[in-house]
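Report on one structure; see the data block that follows.
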Amino acid sequence: MHDTRSLEARAMTEPHIPETRRDLERAIHVERSALARDLAGLSAAQWAAPSLCERWTVEETVAHLTAGARVGRWRWLLSMLAARFDADLHNDRRLAEHRGATPEATLRRFRDAVGGPAGPTGHTAAWLGEIVVHGEDIRRPLGLVRTPPVATTTAVARFFAARDFTVSSRSAIAGLRVEATDGPFATGSGDLLRGPTLSLVMAMAGRAVACEDFEGDGAAVLRTRLGSGRSTS
């Protein structure tokens with residue numbers, strides 16, 4: 001006879017991880033909707049506050065997310081070509097295009113994009129990482145708290161650990177044994193790095209501030225690699 005408590009514990013640590021494009025897109029829409037709700041009622045000072053992405057304020061980061069949901073594949077490619085594949089220049093141009101005349105207008109544009117495409121390329125898990133990471137970039141400096149479903153953060157963590165895509169996520173944890181304390185994500189070997197899956201995702205995206213949430217000898221190694229608490233992407 002099975003131990004009911006063991007089955008319940010397994011169900012908590014082994015959630016259904018979104019892997020299909022449809023499931024990943026659904027998770028993206030959920031996270032966009034949650035962020036739109038959290039942004040309602042921000043003060044002018046909060047909109048102007050620096051996000052964890054040091055190049056952008058809260059409002060600019062929101063405009064960047066809107067651009068990701070509005071710029072299709074061919075327009076994205078043309079924009080990158082025009083910027084000579086300078087991702088920072090491309091992002092700044094598209095951000096300016098999708099930023100409103102006021103923070104309220106910027107928020108309206110983001111709300112209108114909530115149900116839009118996942119992103120300009122077929123790397124759907126990467127675009128899920130985009131909304132998860134930038135959502136935390138916005139919330140954490142403002143003292144807002146949201147922990148996405150562990151299935152969502154696990155899908156992003158697995159993608160980040162597998163490759164360097166828009167961020168050097170795989171390189172960040174090279175030579176470390178990484179284990180989530182709230183879900184099934186685990187990878188690598190070496191000095192131990194343990195913490196919540198969302199924090200692991202943020203650290204792999206270059207946010208050193210997430211190291212405050214870790215335990216194990218690997219935390220100091222990762223903190224040294226990441227340097228400052230903010231990131232430029």
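Residue numbering restarts at 1 for every chain of the structure tokens, chains are lettered A, B, ... in their displayed order, and ligands are numbered from 1 as they appear.
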
Show me, as a ChimeraX atom specification, the residues that have an atom within 7 Å of stretch 153-169 of chain A when counting only C-alpha atoms, minus same-chain residues fewer than 6 positions from it. /A:17-18,125-126,128-129,185,197-198,201,204-205

For those residues, write N, CA, C and O atoms to a file as a PDB file, in the first residue's frame.
ATOM      1  N   ILE A  17       5.572  20.221 -15.694  1.00  0.00           N
ATOM      2  CA  ILE A  17       6.386  21.303 -16.244  1.00  0.00           C
ATOM      3  C   ILE A  17       5.927  21.607 -17.671  1.00  0.00           C
ATOM      4  O   ILE A  17       5.852  20.699 -18.498  1.00  0.00           O
ATOM      5  N   PRO A  18       5.598  22.857 -17.974  1.00  0.00           N
ATOM      6  CA  PRO A  18       5.203  23.180 -19.347  1.00  0.00           C
ATOM      7  C   PRO A  18       6.356  22.948 -20.315  1.00  0.00           C
ATOM      8  O   PRO A  18       7.449  23.485 -20.130  1.00  0.00           O
ATOM      9  N   ALA A 125      10.474  28.966 -24.444  1.00  0.00           N
ATOM     10  CA  ALA A 125      10.929  28.917 -23.053  1.00  0.00           C
ATOM     11  C   ALA A 125      11.780  30.128 -22.711  1.00  0.00           C
ATOM     12  O   ALA A 125      11.756  30.619 -21.575  1.00  0.00           O
ATOM     13  N   ALA A 126      12.522  30.639 -23.685  1.00  0.00           N
ATOM     14  CA  ALA A 126      13.327  31.843 -23.450  1.00  0.00           C
ATOM     15  C   ALA A 126      12.436  33.043 -23.207  1.00  0.00           C
ATOM     16  O   ALA A 126      12.723  33.886 -22.349  1.00  0.00           O
ATOM     17  N   LEU A 128       9.402  32.925 -22.026  1.00  0.00           N
ATOM     18  CA  LEU A 128       8.837  32.759 -20.684  1.00  0.00           C
ATOM     19  C   LEU A 128       9.837  33.281 -19.660  1.00  0.00           C
ATOM     20  O   LEU A 128       9.467  33.979 -18.696  1.00  0.00           O
ATOM     21  N   GLY A 129      11.114  32.985 -19.872  1.00  0.00           N
ATOM     22  CA  GLY A 129      12.146  33.518 -18.989  1.00  0.00           C
ATOM     23  C   GLY A 129      12.176  35.029 -19.006  1.00  0.00           C
ATOM     24  O   GLY A 129      12.418  35.675 -17.981  1.00  0.00           O
ATOM     25  N   PHE A 185      13.990  20.991  -9.920  1.00  0.00           N
ATOM     26  CA  PHE A 185      15.151  21.371 -10.717  1.00  0.00           C
ATOM     27  C   PHE A 185      16.454  21.044 -10.009  1.00  0.00           C
ATOM     28  O   PHE A 185      16.671  21.403  -8.851  1.00  0.00           O
ATOM     29  N   THR A 197      13.638  28.123  -6.785  1.00  0.00           N
ATOM     30  CA  THR A 197      13.811  28.068  -8.237  1.00  0.00           C
ATOM     31  C   THR A 197      13.807  29.458  -8.854  1.00  0.00           C
ATOM     32  O   THR A 197      14.601  29.745  -9.755  1.00  0.00           O
ATOM     33  N   LEU A 198      12.919  30.349  -8.401  1.00  0.00           N
ATOM     34  CA  LEU A 198      12.887  31.700  -8.950  1.00  0.00           C
ATOM     35  C   LEU A 198      14.228  32.398  -8.742  1.00  0.00           C
ATOM     36  O   LEU A 198      14.735  33.078  -9.651  1.00  0.00           O
ATOM     37  N   VAL A 201      16.775  31.064 -11.171  1.00  0.00           N
ATOM     38  CA  VAL A 201      16.536  31.653 -12.493  1.00  0.00           C
ATOM     39  C   VAL A 201      17.123  33.056 -12.558  1.00  0.00           C
ATOM     40  O   VAL A 201      17.810  33.422 -13.529  1.00  0.00           O
ATOM     41  N   MET A 204      20.912  32.943 -12.716  1.00  0.00           N
ATOM     42  CA  MET A 204      21.390  32.525 -14.031  1.00  0.00           C
ATOM     43  C   MET A 204      21.220  33.639 -15.061  1.00  0.00           C
ATOM     44  O   MET A 204      21.949  33.687 -16.056  1.00  0.00           O
ATOM     45  N   ALA A 205      20.277  34.543 -14.806  1.00  0.00           N
ATOM     46  CA  ALA A 205      20.069  35.693 -15.688  1.00  0.00           C
ATOM     47  C   ALA A 205      20.986  36.861 -15.320  1.00  0.00           C
ATOM     48  O   ALA A 205      20.860  37.943 -15.888  1.00  0.00           O
TER      49      ALA A 205
END

I want to know what sits within 10 Å of stretch 26-28 of chain A, based on only C-alpha atoms, with residues of the same chain fewer than 2 positions away left out; could you give that as a ChimeraX atom specification? /A:18,20-24,30-34,114-119,124-125,127-132,148-149,151-153,155

Separating atom CA of A:His16 from atom CA of A:Asp191, to the nearest tenth of an Å, is a gap of 28.3 Å

What does the distance between atom CA of A:Arg140 and atom CA of A:His64 come to in Å, to one decimal place?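 Computing it gives 17.4 Å between the two atoms.
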
Of A:Asp137, A:Glu179, A:Asp112, A:Asp88, the one sitting nearest A:Glu59 when using only C-alpha atoms is A:Asp137

Residues of stretch 19-188 of chain A in strand (DSSP E or B), written as an MDAnalysis selection string: chainID A and resid 50 53 57 176:180 186:187

Can those selected residues be exported to a file as a PDB file, in the first residue's frame so that it contains all heavy atoms?
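Contents of again_3.pdb, as written:
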ATOM      1  N   PRO A  50      14.706  52.684 -10.630  1.00  0.00           N
ATOM      2  CA  PRO A  50      15.539  51.763 -11.408  1.00  0.00           C
ATOM      3  C   PRO A  50      15.097  50.317 -11.167  1.00  0.00           C
ATOM      4  O   PRO A  50      14.781  49.935 -10.042  1.00  0.00           O
ATOM      5  CB  PRO A  50      16.946  52.010 -10.867  1.00  0.00           C
ATOM      6  CG  PRO A  50      16.746  52.595  -9.503  1.00  0.00           C
ATOM      7  CD  PRO A  50      15.471  53.378  -9.568  1.00  0.00           C
ATOM      8  N   CYS A  53      17.358  45.554 -13.921  1.00  0.00           N
ATOM      9  CA  CYS A  53      18.045  45.668 -15.206  1.00  0.00           C
ATOM     10  C   CYS A  53      18.546  47.109 -15.276  1.00  0.00           C
ATOM     11  O   CYS A  53      17.788  48.025 -15.604  1.00  0.00           O
ATOM     12  CB  CYS A  53      17.088  45.346 -16.349  1.00  0.00           C
ATOM     13  SG  CYS A  53      17.895  45.166 -17.930  1.00  0.00           S
ATOM     14  N   THR A  57      14.539  51.906 -16.240  1.00  0.00           N
ATOM     15  CA  THR A  57      13.638  52.120 -15.116  1.00  0.00           C
ATOM     16  C   THR A  57      12.522  51.077 -15.172  1.00  0.00           C
ATOM     17  O   THR A  57      12.431  50.282 -16.120  1.00  0.00           O
ATOM     18  CB  THR A  57      13.002  53.514 -15.205  1.00  0.00           C
ATOM     19  OG1 THR A  57      12.182  53.572 -16.388  1.00  0.00           O
ATOM     20  CG2 THR A  57      14.058  54.600 -15.243  1.00  0.00           C
ATOM     21  N   LEU A 176      29.072  23.938 -10.915  1.00  0.00           N
ATOM     22  CA  LEU A 176      28.328  23.950  -9.658  1.00  0.00           C
ATOM     23  C   LEU A 176      27.249  22.871  -9.665  1.00  0.00           C
ATOM     24  O   LEU A 176      26.710  22.526 -10.726  1.00  0.00           O
ATOM     25  CB  LEU A 176      27.660  25.310  -9.437  1.00  0.00           C
ATOM     26  CG  LEU A 176      28.576  26.531  -9.359  1.00  0.00           C
ATOM     27  CD1 LEU A 176      27.735  27.798  -9.201  1.00  0.00           C
ATOM     28  CD2 LEU A 176      29.578  26.396  -8.218  1.00  0.00           C
ATOM     29  N   ARG A 177      26.936  22.365  -8.492  1.00  0.00           N
ATOM     30  CA  ARG A 177      25.787  21.486  -8.315  1.00  0.00           C
ATOM     31  C   ARG A 177      24.637  22.373  -7.869  1.00  0.00           C
ATOM     32  O   ARG A 177      24.654  22.932  -6.765  1.00  0.00           O
ATOM     33  CB  ARG A 177      26.058  20.412  -7.255  1.00  0.00           C
ATOM     34  CG  ARG A 177      24.841  19.548  -6.883  1.00  0.00           C
ATOM     35  CD  ARG A 177      24.294  18.803  -8.075  1.00  0.00           C
ATOM     36  NE  ARG A 177      23.082  18.034  -7.729  1.00  0.00           N
ATOM     37  CZ  ARG A 177      22.340  17.382  -8.620  1.00  0.00           C
ATOM     38  NH1 ARG A 177      22.687  17.376  -9.906  1.00  0.00           N
ATOM     39  NH2 ARG A 177      21.269  16.713  -8.251  1.00  0.00           N
ATOM     40  N   VAL A 178      23.647  22.517  -8.732  1.00  0.00           N
ATOM     41  CA  VAL A 178      22.541  23.438  -8.482  1.00  0.00           C
ATOM     42  C   VAL A 178      21.286  22.642  -8.140  1.00  0.00           C
ATOM     43  O   VAL A 178      20.873  21.758  -8.894  1.00  0.00           O
ATOM     44  CB  VAL A 178      22.285  24.325  -9.716  1.00  0.00           C
ATOM     45  CG1 VAL A 178      21.183  25.335  -9.424  1.00  0.00           C
ATOM     46  CG2 VAL A 178      23.566  25.031 -10.149  1.00  0.00           C
ATOM     47  N   GLU A 179      20.654  22.971  -7.003  1.00  0.00           N
ATOM     48  CA  GLU A 179      19.455  22.266  -6.557  1.00  0.00           C
ATOM     49  C   GLU A 179      18.413  23.261  -6.068  1.00  0.00           C
ATOM     50  O   GLU A 179      18.724  24.166  -5.288  1.00  0.00           O
ATOM     51  CB  GLU A 179      19.789  21.290  -5.420  1.00  0.00           C
ATOM     52  CG  GLU A 179      20.747  20.169  -5.808  1.00  0.00           C
ATOM     53  CD  GLU A 179      21.053  19.239  -4.647  1.00  0.00           C
ATOM     54  OE1 GLU A 179      20.542  19.509  -3.533  1.00  0.00           O
ATOM     55  OE2 GLU A 179      21.804  18.265  -4.837  1.00  0.00           O
ATOM     56  N   ALA A 180      17.189  23.078  -6.541  1.00  0.00           N
ATOM     57  CA  ALA A 180      16.071  23.900  -6.072  1.00  0.00           C
ATOM     58  C   ALA A 180      15.550  23.358  -4.753  1.00  0.00           C
ATOM     59  O   ALA A 180      15.486  22.143  -4.548  1.00  0.00           O
ATOM     60  CB  ALA A 180      14.965  23.919  -7.104  1.00  0.00           C
ATOM     61  N   ALA A 186      17.340  20.352 -10.735  1.00  0.00           N
ATOM     62  CA  ALA A 186      18.680  20.042 -10.240  1.00  0.00           C
ATOM     63  C   ALA A 186      19.564  19.764 -11.448  1.00  0.00           C
ATOM     64  O   ALA A 186      19.122  19.160 -12.422  1.00  0.00           O
ATOM     65  CB  ALA A 186      18.663  18.829  -9.311  1.00  0.00           C
ATOM     66  N   THR A 187      20.801  20.228 -11.362  1.00  0.00           N
ATOM     67  CA  THR A 187      21.708  20.031 -12.491  1.00  0.00           C
ATOM     68  C   THR A 187      23.148  20.217 -12.045  1.00  0.00           C
ATOM     69  O   THR A 187      23.412  20.884 -11.048  1.00  0.00           O
ATOM     70  CB  THR A 187      21.385  21.022 -13.636  1.00  0.00           C
ATOM     71  OG1 THR A 187      22.133  20.680 -14.799  1.00  0.00           O
ATOM     72  CG2 THR A 187      21.706  22.449 -13.231  1.00  0.00           C
TER      73      THR A 187
END

So how many Å separate atom CA of A:Asp217 and atom CA of A:Ser171, to one decimal?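 Separation between atom CA of A:Asp217 and atom CA of A:Ser171: 17.4 Å.
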
Within 12 Å of stretch 35-49 of chain A, which residues of stretch 86-202 of chain A show up? Give each one with its shortest atom-to-atom distance in Å (one decimal) and the two atoms involved, counting only C-alpha atoms, rows by chain then rising residue number, as CSV.
residue,atom,partner,partner_atom,distance
A:Thr102,CA,A:Ala44,CA,9.5
A:Pro103,CA,A:Trp47,CA,6.7
A:Glu104,CA,A:Ala40,CA,8.8
A:Ala105,CA,A:Ala40,CA,11.7
A:Thr106,CA,A:Trp47,CA,10.1
A:Leu107,CA,A:Ala36,CA,7.3
A:Arg108,CA,A:Ala36,CA,9.0
A:Arg109,CA,A:Ala36,CA,10.3
A:Phe110,CA,A:Ala36,CA,7.3
A:Arg111,CA,A:Ala36,CA,6.2
A:Asp112,CA,A:Ala36,CA,9.9
A:Ala113,CA,A:Ala36,CA,10.1
A:Val114,CA,A:Ala36,CA,8.1
A:Gly115,CA,A:Ala36,CA,11.6
A:Ile131,CA,A:Leu35,CA,8.7
A:Val132,CA,A:Leu35,CA,9.4
A:Val133,CA,A:Leu35,CA,11.4
A:His134,CA,A:Leu35,CA,9.7
A:Gly135,CA,A:Leu35,CA,6.4
A:Glu136,CA,A:Leu35,CA,9.3
A:Asp137,CA,A:Ala49,CA,11.0
A:Ile138,CA,A:Ala49,CA,8.9
A:Arg139,CA,A:Asp38,CA,8.2
A:Arg140,CA,A:Ala49,CA,11.2
A:Pro141,CA,A:Ala49,CA,7.9
A:Leu142,CA,A:Gln46,CA,6.9
A:Gly143,CA,A:Gln46,CA,10.3
A:Leu144,CA,A:Asp38,CA,7.7
A:Val145,CA,A:Asp38,CA,9.1
A:Arg146,CA,A:Leu35,CA,8.9
A:Thr147,CA,A:Leu35,CA,11.3
A:Pro148,CA,A:Leu35,CA,10.6

Those same residues - N, CA, C and O atoms - I'd like them written as a compact mmCIF listing (two decimals), in the first residue's frame.
# COMPACT_ATOMS: atom_id res chain seq x y z
N THR A 102 2.90 58.72 -21.08
CA THR A 102 2.85 58.71 -19.61
C THR A 102 2.96 57.27 -19.14
O THR A 102 2.74 56.34 -19.92
N PRO A 103 3.30 57.05 -17.87
CA PRO A 103 3.34 55.68 -17.36
C PRO A 103 1.99 54.96 -17.53
O PRO A 103 1.97 53.76 -17.81
N GLU A 104 0.90 55.70 -17.37
CA GLU A 104 -0.42 55.09 -17.53
C GLU A 104 -0.61 54.59 -18.96
O GLU A 104 -1.17 53.52 -19.19
N ALA A 105 -0.11 55.36 -19.93
CA ALA A 105 -0.21 54.94 -21.33
C ALA A 105 0.69 53.74 -21.59
O ALA A 105 0.33 52.82 -22.35
N THR A 106 1.86 53.73 -20.96
CA THR A 106 2.75 52.58 -21.10
C THR A 106 2.08 51.32 -20.55
O THR A 106 2.17 50.24 -21.16
N LEU A 107 1.39 51.45 -19.42
CA LEU A 107 0.70 50.32 -18.83
C LEU A 107 -0.44 49.85 -19.73
O LEU A 107 -0.64 48.65 -19.90
N ARG A 108 -1.18 50.78 -20.32
CA ARG A 108 -2.27 50.39 -21.22
C ARG A 108 -1.73 49.59 -22.41
O ARG A 108 -2.33 48.59 -22.82
N ARG A 109 -0.61 50.03 -22.94
CA ARG A 109 -0.02 49.31 -24.07
C ARG A 109 0.41 47.90 -23.65
O ARG A 109 0.26 46.95 -24.42
N PHE A 110 0.96 47.79 -22.44
CA PHE A 110 1.35 46.46 -21.96
C PHE A 110 0.13 45.58 -21.76
O PHE A 110 0.13 44.40 -22.15
N ARG A 111 -0.93 46.12 -21.16
CA ARG A 111 -2.15 45.34 -20.96
C ARG A 111 -2.71 44.85 -22.30
O ARG A 111 -3.19 43.72 -22.41
N ASP A 112 -2.64 45.69 -23.32
CA ASP A 112 -3.14 45.29 -24.64
C ASP A 112 -2.31 44.17 -25.26
O ASP A 112 -2.78 43.47 -26.15
N ALA A 113 -1.07 44.02 -24.78
CA ALA A 113 -0.17 43.02 -25.33
C ALA A 113 -0.15 41.72 -24.54
O ALA A 113 0.54 40.77 -24.93
N VAL A 114 -0.88 41.66 -23.44
CA VAL A 114 -0.83 40.49 -22.55
C VAL A 114 -1.08 39.19 -23.29
O VAL A 114 -0.40 38.18 -23.08
N GLY A 115 -2.08 39.18 -24.17
CA GLY A 115 -2.43 37.96 -24.88
C GLY A 115 -1.72 37.80 -26.21
O GLY A 115 -2.06 36.90 -26.99
N ILE A 131 9.65 37.21 -19.34
CA ILE A 131 8.62 37.81 -18.49
C ILE A 131 8.86 37.47 -17.02
O ILE A 131 8.63 38.30 -16.14
N VAL A 132 9.35 36.28 -16.74
CA VAL A 132 9.63 35.91 -15.35
C VAL A 132 10.75 36.78 -14.79
O VAL A 132 10.63 37.37 -13.70
N VAL A 133 11.85 36.89 -15.52
CA VAL A 133 13.01 37.65 -15.03
C VAL A 133 12.70 39.14 -14.95
O VAL A 133 12.94 39.78 -13.92
N HIS A 134 12.16 39.71 -16.03
CA HIS A 134 11.88 41.14 -15.99
C HIS A 134 10.74 41.48 -15.02
O HIS A 134 10.72 42.58 -14.46
N GLY A 135 9.82 40.54 -14.82
CA GLY A 135 8.80 40.75 -13.79
C GLY A 135 9.43 40.92 -12.42
O GLY A 135 9.06 41.80 -11.64
N GLU A 136 10.42 40.08 -12.13
CA GLU A 136 11.12 40.19 -10.85
C GLU A 136 12.03 41.42 -10.82
O GLU A 136 12.21 42.04 -9.78
N ASP A 137 12.61 41.77 -11.99
CA ASP A 137 13.40 43.00 -12.07
C ASP A 137 12.59 44.21 -11.62
O ASP A 137 13.12 45.15 -11.02
N ILE A 138 11.32 44.18 -11.96
CA ILE A 138 10.42 45.28 -11.61
C ILE A 138 9.95 45.18 -10.16
O ILE A 138 9.99 46.15 -9.41
N ARG A 139 9.51 44.00 -9.77
CA ARG A 139 8.87 43.84 -8.46
C ARG A 139 9.85 44.00 -7.30
O ARG A 139 9.54 44.64 -6.29
N ARG A 140 11.00 43.38 -7.41
CA ARG A 140 11.90 43.32 -6.25
C ARG A 140 12.32 44.70 -5.76
O ARG A 140 12.27 44.96 -4.55
N PRO A 141 12.73 45.64 -6.62
CA PRO A 141 13.09 46.97 -6.11
C PRO A 141 11.91 47.73 -5.51
O PRO A 141 12.09 48.61 -4.67
N LEU A 142 10.68 47.37 -5.95
CA LEU A 142 9.49 48.06 -5.45
C LEU A 142 8.91 47.39 -4.21
O LEU A 142 7.92 47.87 -3.64
N GLY A 143 9.49 46.28 -3.79
CA GLY A 143 8.97 45.57 -2.63
C GLY A 143 7.71 44.77 -2.92
O GLY A 143 6.99 44.39 -2.00
N LEU A 144 7.43 44.52 -4.21
CA LEU A 144 6.28 43.70 -4.60
C LEU A 144 6.70 42.23 -4.62
O LEU A 144 7.83 41.91 -5.02
N VAL A 145 5.82 41.36 -4.21
CA VAL A 145 6.18 39.94 -4.11
C VAL A 145 5.23 39.09 -4.95
O VAL A 145 4.01 39.20 -4.81
N ARG A 146 5.80 38.30 -5.84
CA ARG A 146 5.05 37.27 -6.54
C ARG A 146 6.01 36.12 -6.82
O ARG A 146 7.11 36.33 -7.34
N THR A 147 5.60 34.92 -6.47
CA THR A 147 6.35 33.73 -6.83
C THR A 147 5.55 32.98 -7.89
O THR A 147 4.49 32.44 -7.59
N PRO A 148 6.02 32.97 -9.13
CA PRO A 148 5.30 32.22 -10.17
C PRO A 148 5.20 30.75 -9.79
O PRO A 148 5.96 30.25 -8.94

Check the DSSP output for the backbone and give back, as a count of residues only, the residues of stretch 83-232 of chain A in helix (DSSP H, G or I). 82

From the options A:Asp213, A:Glu19, A:Glu97, A:Glu25, which residue's atoms come nearest to A:Glu60, counting only C-alpha atoms?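 Smallest separation from A:Glu60 among the options: A:Glu97.
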
Using only C-alpha atoms, which of the listed residues (A:Ala67, A:Phe214, A:Gly122, A:Arg207) sits closest to A:Ser51?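 Using only C-alpha atoms, the shortest distance to A:Ser51 belongs to A:Arg207.
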
Could you check which of A:Ala219, A:Arg70, A:Ala87, A:Ala63 is closest to A:Gly100, using only C-alpha atoms?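 Under the stated criterion, the closest residue is A:Ala63.
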